[in-house]
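Pasted below: query-v5.pdb, PDB, C-alpha atoms.
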ATOM      1  CA  MET N   1      72.891 -25.492  65.259
ATOM      2  CA  VAL N   2      74.201 -25.944  68.816
ATOM      3  CA  LYS N   3      77.994 -26.160  68.767
ATOM      4  CA  GLU N   4      79.115 -29.453  70.296
ATOM      5  CA  ILE N   5      81.338 -28.933  73.322
ATOM      6  CA  LYS N   6      84.203 -31.384  73.781
ATOM      7  CA  THR N   7      86.228 -29.815  76.603
ATOM      8  CA  ILE N   8      85.079 -27.916  79.678
ATOM      9  CA  GLY N   9      86.994 -26.208  82.443
ATOM     10  CA  VAL N  10      86.011 -25.837  86.093
ATOM     11  CA  LEU N  11      87.315 -23.355  88.650
ATOM     12  CA  THR N  12      86.514 -22.120  92.141
ATOM     13  CA  SER N  13      86.801 -18.410  92.826
ATOM     14  CA  GLY N  14      86.491 -16.016  95.772
ATOM     15  CA  GLY N  15      85.960 -17.343  99.290
ATOM     16  CA  ASP N  16      85.977 -21.117  99.726
ATOM     17  CA  ALA N  17      82.864 -22.909 100.951
ATOM     18  CA  PRO N  18      82.215 -26.453 102.217
ATOM     19  CA  GLY N  19      80.634 -28.428  99.381
ATOM     20  CA  MET N  20      82.731 -26.945  96.576
ATOM     21  CA  ASN N  21      84.529 -30.281  96.218
ATOM     22  CA  ALA N  22      81.195 -32.062  95.822
ATOM     23  CA  ALA N  23      80.344 -29.670  92.978
ATOM     24  CA  ILE N  24      83.761 -30.170  91.318
ATOM     25  CA  ARG N  25      83.361 -33.950  91.610
ATOM     26  CA  ALA N  26      79.898 -33.810  90.046
ATOM     27  CA  VAL N  27      81.126 -31.629  87.174
ATOM     28  CA  VAL N  28      83.982 -34.028  86.406
ATOM     29  CA  ARG N  29      81.972 -37.224  86.619
ATOM     30  CA  GLU N  30      78.924 -35.876  84.777
ATOM     31  CA  ALA N  31      81.187 -34.604  81.996
ATOM     32  CA  ILE N  32      83.085 -37.888  81.746
ATOM     33  CA  GLY N  33      79.756 -39.694  81.493
ATOM     34  CA  LYS N  34      79.009 -37.522  78.475
ATOM     35  CA  GLU N  35      82.446 -38.298  76.981
ATOM     36  CA  LEU N  36      83.764 -34.765  77.533
ATOM     37  CA  ASN N  37      87.264 -33.763  78.549
ATOM     38  CA  VAL N  38      87.583 -31.824  81.796
ATOM     39  CA  LYS N  39      90.298 -29.332  82.706
ATOM     40  CA  GLY N  40      90.748 -28.211  86.294
ATOM     41  CA  ILE N  41      91.801 -24.563  86.606
ATOM     42  CA  LYS N  42      93.770 -23.940  89.804
ATOM     43  CA  ARG N  43      93.417 -20.792  91.970
ATOM     44  CA  GLY N  44      90.408 -19.310  90.169
ATOM     45  CA  TYR N  45      90.907 -16.570  87.597
ATOM     46  CA  ALA N  46      94.471 -15.999  88.817
ATOM     47  CA  GLY N  47      95.296 -19.576  87.849
ATOM     48  CA  LEU N  48      93.517 -19.170  84.521
ATOM     49  CA  LEU N  49      95.724 -16.201  83.625
ATOM     50  CA  ALA N  50      98.804 -18.127  84.786
ATOM     51  CA  GLU N  51      97.672 -21.198  82.782
ATOM     52  CA  GLU N  52      97.595 -23.438  85.867
ATOM     53  CA  ILE N  53      95.426 -25.946  84.067
ATOM     54  CA  THR N  54      95.402 -29.718  84.514
ATOM     55  CA  ASP N  55      93.449 -32.664  83.137
ATOM     56  CA  MET N  56      90.875 -34.090  85.520
ATOM     57  CA  GLY N  57      89.429 -37.587  85.567
ATOM     58  CA  SER N  58      87.460 -39.706  88.020
ATOM     59  CA  ARG N  59      90.608 -40.517  89.997
ATOM     60  CA  GLU N  60      91.346 -36.832  90.621
ATOM     61  CA  VAL N  61      87.974 -36.335  92.365
ATOM     62  CA  SER N  62      87.863 -39.655  94.176
ATOM     63  CA  ASP N  63      87.564 -39.381  97.978
ATOM     64  CA  THR N  64      86.873 -35.637  97.865
ATOM     65  CA  ILE N  65      83.137 -35.262  98.476
ATOM     66  CA  GLN N  66      83.579 -35.250 102.270
ATOM     67  CA  ARG N  67      86.442 -32.744 102.287
ATOM     68  CA  GLY N  68      86.062 -29.055 103.110
ATOM     69  CA  GLY N  69      87.733 -26.282 101.154
ATOM     70  CA  THR N  70      88.410 -26.721  97.438
ATOM     71  CA  ILE N  71      90.863 -29.141  95.814
ATOM     72  CA  LEU N  72      91.319 -26.595  93.009
ATOM     73  CA  GLN N  73      92.273 -23.857  95.489
ATOM     74  CA  THR N  74      90.896 -20.362  95.131
ATOM     75  CA  ALA N  75      92.124 -16.788  94.966
ATOM     76  CA  ARG N  76      90.922 -13.295  94.243
ATOM     77  CA  CYS N  77      92.343 -11.778  91.058
ATOM     78  CA  MET N  78      92.400  -8.024  90.485
ATOM     79  CA  ASP N  79      93.912  -8.493  87.020
ATOM     80  CA  PHE N  80      90.735 -10.240  85.906
ATOM     81  CA  THR N  81      88.676  -7.141  86.702
ATOM     82  CA  THR N  82      90.403  -5.394  83.785
ATOM     83  CA  GLU N  83      89.452  -5.687  80.124
ATOM     84  CA  GLU N  84      92.972  -6.823  79.294
ATOM     85  CA  GLY N  85      92.820  -9.590  81.902
ATOM     86  CA  GLN N  86      89.403 -10.767  80.736
ATOM     87  CA  ARG N  87      90.516 -10.923  77.109
ATOM     88  CA  ARG N  88      93.633 -12.802  78.151
ATOM     89  CA  GLY N  89      91.505 -15.284  80.109
ATOM     90  CA  ALA N  90      89.387 -16.026  77.046
ATOM     91  CA  GLU N  91      92.528 -16.479  74.946
ATOM     92  CA  VAL N  92      93.926 -18.953  77.478
ATOM     93  CA  CYS N  93      90.682 -20.947  77.343
ATOM     94  CA  LYS N  94      90.848 -21.127  73.553
ATOM     95  CA  LYS N  95      94.554 -22.041  73.638
ATOM     96  CA  HIS N  96      93.770 -25.040  75.858
ATOM     97  CA  GLY N  97      90.700 -26.038  73.840
ATOM     98  CA  ILE N  98      88.301 -25.113  76.648
ATOM     99  CA  GLU N  99      84.956 -24.269  75.061
ATOM    100  CA  GLY N 100      82.951 -23.942  78.278
ATOM    101  CA  VAL N 101      83.854 -22.951  81.840
ATOM    102  CA  ILE N 102      81.944 -23.723  85.039
ATOM    103  CA  VAL N 103      82.636 -21.103  87.705
ATOM    104  CA  ILE N 104      81.870 -21.981  91.335
ATOM    105  CA  GLY N 105      81.793 -18.872  93.518
ATOM    106  CA  GLY N 106      79.895 -15.729  94.440
ATOM    107  CA  ASP N 107      78.656 -12.664  92.596
ATOM    108  CA  GLY N 108      82.170 -11.346  91.912
ATOM    109  CA  SER N 109      83.042 -14.679  90.323
ATOM    110  CA  PHE N 110      79.910 -14.489  88.188
ATOM    111  CA  ARG N 111      80.964 -11.090  86.870
ATOM    112  CA  GLY N 112      84.130 -12.758  85.638
ATOM    113  CA  ALA N 113      82.077 -15.509  83.987
ATOM    114  CA  GLN N 114      79.909 -12.832  82.389
ATOM    115  CA  LYS N 115      83.001 -11.258  80.801
ATOM    116  CA  LEU N 116      84.337 -14.592  79.532
ATOM    117  CA  ALA N 117      80.972 -15.173  77.848
ATOM    118  CA  GLU N 118      81.293 -11.810  76.097
ATOM    119  CA  TYR N 119      84.602 -13.030  74.636
ATOM    120  CA  GLY N 120      83.076 -16.212  73.268
ATOM    121  CA  VAL N 121      83.628 -18.758  76.046
ATOM    122  CA  ASN N 122      80.436 -20.494  77.165
ATOM    123  CA  THR N 123      80.069 -20.042  80.928
ATOM    124  CA  VAL N 124      77.845 -21.347  83.713
ATOM    125  CA  GLY N 125      78.036 -20.166  87.329
ATOM    126  CA  ILE N 126      77.292 -22.231  90.425
ATOM    127  CA  PRO N 127      76.598 -20.250  93.642
ATOM    128  CA  GLY N 128      79.292 -21.197  96.133
ATOM    129  CA  THR N 129      79.403 -18.901  99.174
ATOM    130  CA  ILE N 130      78.639 -19.331 102.868
ATOM    131  CA  ASP N 131      77.010 -15.876 102.873
ATOM    132  CA  LEU N 132      73.775 -16.917 101.063
ATOM    133  CA  ASP N 133      73.885 -13.554  99.291
ATOM    134  CA  ILE N 134      73.263 -14.655  95.685
ATOM    135  CA  SER N 135      70.006 -12.909  94.878
ATOM    136  CA  CYS N 136      68.596 -15.415  92.377
ATOM    137  CA  SER N 137      69.009 -18.464  94.629
ATOM    138  CA  GLU N 138      67.496 -19.542  97.937
ATOM    139  CA  TYR N 139      70.511 -21.808  98.510
ATOM    140  CA  THR N 140      74.253 -21.369  98.078
ATOM    141  CA  ILE N 141      76.904 -24.050  98.519
ATOM    142  CA  GLY N 142      78.448 -23.921 101.983
ATOM    143  CA  PHE N 143      75.759 -21.969 103.836
ATOM    144  CA  ASP N 144      74.252 -25.021 105.522
ATOM    145  CA  THR N 145      77.619 -26.233 106.819
ATOM    146  CA  ALA N 146      78.701 -22.766 107.929
ATOM    147  CA  VAL N 147      75.488 -22.056 109.798
ATOM    148  CA  ASN N 148      75.659 -25.426 111.585
ATOM    149  CA  THR N 149      79.304 -24.810 112.515
ATOM    150  CA  ALA N 150      78.363 -21.407 113.925
ATOM    151  CA  MET N 151      75.339 -22.794 115.758
ATOM    152  CA  GLN N 152      77.412 -25.445 117.536
ATOM    153  CA  ALA N 153      80.067 -22.894 118.523
ATOM    154  CA  ILE N 154      77.430 -20.484 119.872
ATOM    155  CA  ASP N 155      75.897 -23.269 121.988
ATOM    156  CA  LYS N 156      79.303 -23.718 123.619
ATOM    157  CA  VAL N 157      79.716 -19.985 124.249
ATOM    158  CA  ARG N 158      76.232 -19.911 125.803
ATOM    159  CA  ASP N 159      77.274 -22.588 128.320
ATOM    160  CA  THR N 160      80.183 -20.557 129.657
ATOM    161  CA  SER N 161      78.242 -17.303 129.388
ATOM    162  CA  THR N 162      75.560 -18.781 131.656
ATOM    163  CA  SER N 163      78.147 -20.098 134.132
ATOM    164  CA  HIS N 164      79.676 -16.635 134.514
ATOM    165  CA  GLU N 165      76.383 -14.705 134.170
ATOM    166  CA  ARG N 166      77.857 -12.742 131.277
ATOM    167  CA  CYS N 167      76.640 -10.921 128.236
ATOM    168  CA  SER N 168      78.263 -12.460 125.146
ATOM    169  CA  ILE N 169      78.535 -10.816 121.740
ATOM    170  CA  ILE N 170      79.233 -13.451 119.092
ATOM    171  CA  GLU N 171      80.232 -12.225 115.650
ATOM    172  CA  VAL N 172      79.445 -14.458 112.671
ATOM    173  CA  MET N 173      80.524 -14.141 109.051
ATOM    174  CA  GLY N 174      78.448 -13.058 106.070
ATOM    175  CA  ARG N 175      80.146  -9.953 104.626
ATOM    176  CA  GLY N 176      77.306  -7.464 104.110
ATOM    177  CA  ALA N 177      74.562 -10.085 104.450
ATOM    178  CA  GLY N 178      72.856 -11.102 107.679
ATOM    179  CA  TYR N 179      71.653 -14.619 106.847
ATOM    180  CA  ILE N 180      74.121 -16.507 109.056
ATOM    181  CA  ALA N 181      73.310 -14.112 111.901
ATOM    182  CA  LEU N 182      69.566 -14.505 111.313
ATOM    183  CA  TRP N 183      69.630 -18.298 111.230
ATOM    184  CA  THR N 184      71.975 -18.752 114.187
ATOM    185  CA  GLY N 185      70.116 -16.107 116.152
ATOM    186  CA  ILE N 186      66.884 -18.058 115.809
ATOM    187  CA  ALA N 187      68.526 -21.493 116.177
ATOM    188  CA  ASN N 188      70.518 -20.514 119.277
ATOM    189  CA  GLY N 189      67.749 -18.544 120.987
ATOM    190  CA  ALA N 190      69.742 -15.316 121.051
ATOM    191  CA  GLU N 191      68.340 -12.368 122.973
ATOM    192  CA  ASP N 192      69.436  -9.877 120.284
ATOM    193  CA  ILE N 193      70.304 -10.381 116.607
ATOM    194  CA  LEU N 194      72.054  -7.573 114.731
ATOM    195  CA  LEU N 195      71.605  -7.698 110.959
ATOM    196  CA  PRO N 196      73.290  -5.231 108.552
ATOM    197  CA  GLU N 197      70.062  -4.984 106.587
ATOM    198  CA  ARG N 198      68.040  -3.881 109.635
ATOM    199  CA  TYR N 199      70.298  -2.590 112.423
ATOM    200  CA  ASP N 200      69.698   1.032 113.480
ATOM    201  CA  TYR N 201      72.953   1.324 115.522
ATOM    202  CA  ASP N 202      70.991   2.295 118.638
ATOM    203  CA  GLU N 203      73.112   0.628 121.335
ATOM    204  CA  GLN N 204      70.964   2.115 124.089
ATOM    205  CA  LYS N 205      68.198  -0.298 123.096
ATOM    206  CA  LEU N 206      70.626  -3.180 123.554
ATOM    207  CA  VAL N 207      71.679  -1.831 126.948
ATOM    208  CA  ASN N 208      68.044  -1.445 128.059
ATOM    209  CA  HIS N 209      67.202  -4.967 126.886
ATOM    210  CA  ILE N 210      70.141  -6.469 128.793
ATOM    211  CA  ILE N 211      69.220  -4.625 132.008
ATOM    212  CA  GLU N 212      65.525  -5.574 131.715
ATOM    213  CA  ASN N 213      66.399  -9.247 131.197
ATOM    214  CA  ARG N 214      68.750  -9.239 134.171
ATOM    215  CA  LYS N 215      65.975  -7.772 136.373
ATOM    216  CA  ARG N 216      63.702 -10.621 135.185
ATOM    217  CA  GLY N 217      66.263 -13.147 136.402
ATOM    218  CA  LYS N 218      68.088 -13.957 133.160
ATOM    219  CA  LYS N 219      71.595 -15.256 133.912
ATOM    220  CA  HIS N 220      73.090 -14.532 130.495
ATOM    221  CA  HIS N 221      72.470 -12.472 127.362
ATOM    222  CA  ILE N 222      73.514 -13.586 123.872
ATOM    223  CA  ILE N 223      73.915 -11.031 121.077
ATOM    224  CA  ILE N 224      74.571 -12.361 117.568
ATOM    225  CA  ASN N 225      76.404  -9.703 115.594
ATOM    226  CA  ALA N 226      76.832  -9.951 111.813
ATOM    227  CA  GLU N 227      80.223  -9.332 110.216
ATOM    228  CA  GLY N 228      78.684  -6.510 108.177
ATOM    229  CA  ILE N 229      78.224  -4.578 111.437
ATOM    230  CA  GLY N 230      81.406  -5.761 113.149
ATOM    231  CA  HIS N 231      83.271  -3.893 115.923
ATOM    232  CA  SER N 232      82.212  -6.567 118.428
ATOM    233  CA  VAL N 233      85.139  -6.008 120.806
ATOM    234  CA  SER N 234      84.562  -2.263 121.170
ATOM    235  CA  MET N 235      80.809  -2.870 121.406
ATOM    236  CA  ALA N 236      81.405  -5.281 124.292
ATOM    237  CA  LYS N 237      83.453  -2.681 126.154
ATOM    238  CA  ARG N 238      80.743  -0.043 125.747
ATOM    239  CA  ILE N 239      77.981  -2.387 126.875
ATOM    240  CA  GLU N 240      79.937  -3.504 129.948
ATOM    241  CA  ALA N 241      80.579   0.125 130.891
ATOM    242  CA  ALA N 242      76.889   1.002 130.480
ATOM    243  CA  THR N 243      75.402  -2.037 132.255
ATOM    244  CA  GLY N 244      78.052  -3.048 134.774
ATOM    245  CA  ILE N 245      77.622  -6.622 133.478
ATOM    246  CA  GLU N 246      80.703  -8.511 132.354
ATOM    247  CA  THR N 247      80.579  -8.610 128.554
ATOM    248  CA  ARG N 248      82.814 -10.601 126.218
ATOM    249  CA  ALA N 249      83.143 -10.664 122.434
ATOM    250  CA  THR N 250      83.785 -13.868 120.477
ATOM    251  CA  ILE N 251      84.561 -13.622 116.753
ATOM    252  CA  LEU N 252      84.018 -17.018 115.135
ATOM    253  CA  GLY N 253      85.849 -16.047 111.952
ATOM    254  CA  HIS N 254      87.058 -18.426 109.274
ATOM    255  CA  MET N 255      86.231 -21.603 111.187
ATOM    256  CA  GLN N 256      82.813 -21.155 109.557
ATOM    257  CA  ARG N 257      84.335 -21.773 106.118
ATOM    258  CA  GLY N 258      86.006 -25.035 107.078
ATOM    259  CA  GLY N 259      84.969 -28.541 107.975
ATOM    260  CA  SER N 260      83.318 -31.467 106.267
ATOM    261  CA  PRO N 261      80.176 -30.372 104.388
ATOM    262  CA  THR N 262      76.743 -31.379 105.627
ATOM    263  CA  CYS N 263      74.577 -33.838 103.718
ATOM    264  CA  LYS N 264      72.578 -30.958 102.236
ATOM    265  CA  ASP N 265      75.686 -29.188 100.966
ATOM    266  CA  ARG N 266      77.006 -32.405  99.427
ATOM    267  CA  VAL N 267      73.739 -33.311  97.708
ATOM    268  CA  TYR N 268      72.744 -29.845  96.486
ATOM    269  CA  ALA N 269      76.280 -29.095  95.286
ATOM    270  CA  SER N 270      76.334 -32.393  93.383
ATOM    271  CA  ILE N 271      73.032 -31.659  91.687
ATOM    272  CA  MET N 272      74.150 -28.137  90.764
ATOM    273  CA  GLY N 273      77.422 -29.455  89.323
ATOM    274  CA  SER N 274      75.625 -31.965  87.122
ATOM    275  CA  TYR N 275      73.058 -29.341  86.098
ATOM    276  CA  ALA N 276      75.821 -26.961  85.004
ATOM    277  CA  VAL N 277      77.399 -29.575  82.725
ATOM    278  CA  ASN N 278      74.033 -30.258  81.118
ATOM    279  CA  LEU N 279      73.532 -26.541  80.429
ATOM    280  CA  LEU N 280      76.870 -26.386  78.596
ATOM    281  CA  CYS N 281      75.975 -29.516  76.611
ATOM    282  CA  GLN N 282      72.781 -27.737  75.515
ATOM    283  CA  GLY N 283      74.871 -24.870  74.154
ATOM    284  CA  LYS N 284      73.801 -22.509  76.945
ATOM    285  CA  THR N 285      76.084 -19.707  78.096
ATOM    286  CA  ASN N 286      76.096 -16.825  80.579
ATOM    287  CA  ARG N 287      73.852 -18.809  82.933
ATOM    288  CA  VAL N 288      73.858 -19.327  86.689
ATOM    289  CA  VAL N 289      72.395 -22.388  88.404
ATOM    290  CA  ALA N 290      69.998 -21.607  91.248
ATOM    291  CA  TYR N 291      67.644 -23.232  93.730
ATOM    292  CA  LYS N 292      64.253 -21.542  93.708
ATOM    293  CA  ASN N 293      60.842 -22.571  95.039
ATOM    294  CA  GLY N 294      61.953 -26.129  95.711
ATOM    295  CA  ASP N 295      63.584 -26.796  92.349
ATOM    296  CA  PHE N 296      66.899 -26.375  90.551
ATOM    297  CA  VAL N 297      66.663 -23.783  87.795
ATOM    298  CA  ASP N 298      68.925 -21.416  85.884
ATOM    299  CA  PHE N 299      68.996 -17.681  85.163
ATOM    300  CA  ASP N 300      70.828 -15.403  82.806
ATOM    301  CA  ILE N 301      73.831 -14.054  84.739
ATOM    302  CA  ASP N 302      72.965 -10.471  83.743
ATOM    303  CA  GLU N 303      69.473 -10.936  85.188
ATOM    304  CA  ALA N 304      70.804 -12.683  88.299
ATOM    305  CA  LEU N 305      73.302  -9.930  89.100
ATOM    306  CA  ALA N 306      70.602  -7.279  88.731
ATOM    307  CA  MET N 307      68.346  -8.905  91.340
ATOM    308  CA  ASP N 308      68.045  -7.616  94.912
ATOM    309  CA  LYS N 309      67.931  -9.867  97.954
ATOM    310  CA  GLY N 310      66.862  -8.780 101.401
ATOM    311  CA  ILE N 311      65.985 -10.410 104.694
ATOM    312  CA  PRO N 312      62.466 -11.907 104.362
ATOM    313  CA  GLU N 313      60.077  -9.764 106.391
ATOM    314  CA  TYR N 314      58.325 -12.654 108.112
ATOM    315  CA  GLN N 315      61.603 -14.302 109.133
ATOM    316  CA  PHE N 316      62.742 -10.981 110.599
ATOM    317  CA  GLU N 317      59.494 -10.688 112.576
ATOM    318  CA  VAL N 318      59.939 -14.236 113.913
ATOM    319  CA  CYS N 319      63.514 -13.368 114.861
ATOM    320  CA  LYS N 320      62.314 -10.319 116.853
ATOM    321  CA  ASN N 321      59.340 -12.041 118.483
ATOM    322  CA  LEU N 322      61.262 -15.082 119.672
ATOM    323  CA  SER N 323      64.089 -13.039 121.188
ATOM    324  CA  ASN N 324      61.793 -11.258 123.669
TER     325      ASN N 324
END

In structure tokens, how does this file's structure come out?
Amino acid sequence: MVKEIKTIGVLTSGGDAPGMNAAIRAVVREAIGKELNVKGIKRGYAGLLAEEITDMGSREVSDTIQRGGTILQTARCMDFTTEEGQRRGAEVCKKHGIEGVIVIGGDGSFRGAQKLAEYGVNTVGIPGTIDLDISCSEYTIGFDTAVNTAMQAIDKVRDTSTSHERCSIIEVMGRGAGYIALWTGIANGAEDILLPERYDYDEQKLVNHIIENRKRGKKHHIIINAEGIGHSVSMAKRIEAATGIETRATILGHMQRGGSPTCKDRVYASIMGSYAVNLLCQGKTNRVVAYKNGDFVDFDIDEALAMDKGIPEYQFEVCKNLSN
């Protein structure tokens, strides 16, 4: 017999991502349509431990789908990485009658959901991270908005870089993953794209490429540098010293996490939110919603966390070929 769930909780954890509000809204409205109670848990696992829990209805998520950030706020919580904190989190859920929790976040957030499931709370994860580094899914909430924000900013830097005949190093976010760098590098026509998964730290090759392009009449040189490599400012100084060409570093930073989500992030996040509620209603637990091969599916969290994800070989070849 599948135990009937009457009350679910929803939280956002880790870094915020545009589209999280669309997912929260979908969770609340899908649950209400199934006559479930919904509890919003503020500030992720930190708020769970502090019992920052509030009832959520349609009014609470009205006029939120177009907003960036997360209306539930988010935080990182070291206490929840401990067995004591995880047990306490499960106890808080049971105290408030929460039988299932939907966790919107990245792989660290899913590890927390995994532990709650071990203590008897049904859990479903939704991938919410601009980094696109959830191995089981080809899409994560916020990536599309972040990559478009970065692309537009890089176009603007290119304009001034061309005017001043500069080399520009533009650092994009992504933690240890190079997907934002890969996509913006291709979309912005960058001359060099540095990915943590592939970079050999041979700056002489960059120097040679810049000099060769300048001899061929190129008036600018754009290098997209992933956050996982970093050190863009010191890299710019070394390249300027080696080439004699004015070189500037621009670090786009947290602007990539903000802003109104794109249509894709709103729609996909909404579908994932509804999907997660349906999984809980089916009595499922320890699952993560994913987008794979053109469809929305779900995986066991243990399986999902064990998967590896690298830069697709063909996309990397395209990236190299088009930057010549």

Per residue of stretch 172-260 of chain N within 9 Å of stretch 49-73 of chain N, record the nearest atom pair and its distance in Å to one decimal, counting all atoms listed in the file, with rows in chain order and ascending residue number, as CSV.
residue,atom,partner,partner_atom,distance
N:Arg257,CA,N:Gly69,CA,7.5
N:Gly258,CA,N:Gly68,CA,5.6
N:Gly259,CA,N:Gly68,CA,5.0
N:Ser260,CA,N:Gly68,CA,4.8

*How would you write, as an MDAnalysis selection string, the residues chosen by the PyMOL selection byres ((chain N and resi 285) around 6) on this structure?*
chainID N and resid 122:123 284 286:287

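Shortest separation to N:Ile24 among N:Glu317, N:Glu99, N:Lys42, N:Lys292 occurs at residue N:Lys42, atoms counted being all atoms listed in the file.
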
*All residues 8 Å or closer to stretch 271-277 of chain N, only C-alpha atoms, same chain fewer than 6 positions away omitted, as a list in words*: Ala22, Ala23, Ile24, Arg25, Ala26, Val27, Glu30, Ala31, Ile102, Val124, Gly125, Ile126, Val289, Ala290 and Phe296 of chain N

_Distance in Å - atom CA of N:Met151 versus atom CA of N:Trp183_ =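 These two atoms are separated by 8.6 Å.
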
_Ref. answer, residues at most 12 Å from (82.7, -9.2, 91.4) with all atoms listed in the file, as an MDAnalysis selection string_ = chainID N and resid 13:15 45 76:78 80:82 105:115 134 305

Using the file's own x, y and z axes, what box holds all listed atoms of stretch 114-120 of chain N with 4 Å on each side, keeping edges along x, y and z, and what are its centre and edge lengths in Å to one decimal, as JSON?
{"center_x": 82.3, "center_y": -13.7, "center_z": 77.8, "size_x": 12.7, "size_y": 13.0, "size_z": 17.1}

_Let me make sure I understand: among N:Ile154, N:Glu138, N:Val147, N:Tyr314, which one has the smallest atom-to-atom distance to N:Asp295 if we use only C-alpha atoms?_
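Of N:Ile154, N:Glu138, N:Val147, N:Tyr314, the one nearest N:Asp295 is N:Glu138, counting only C-alpha atoms.
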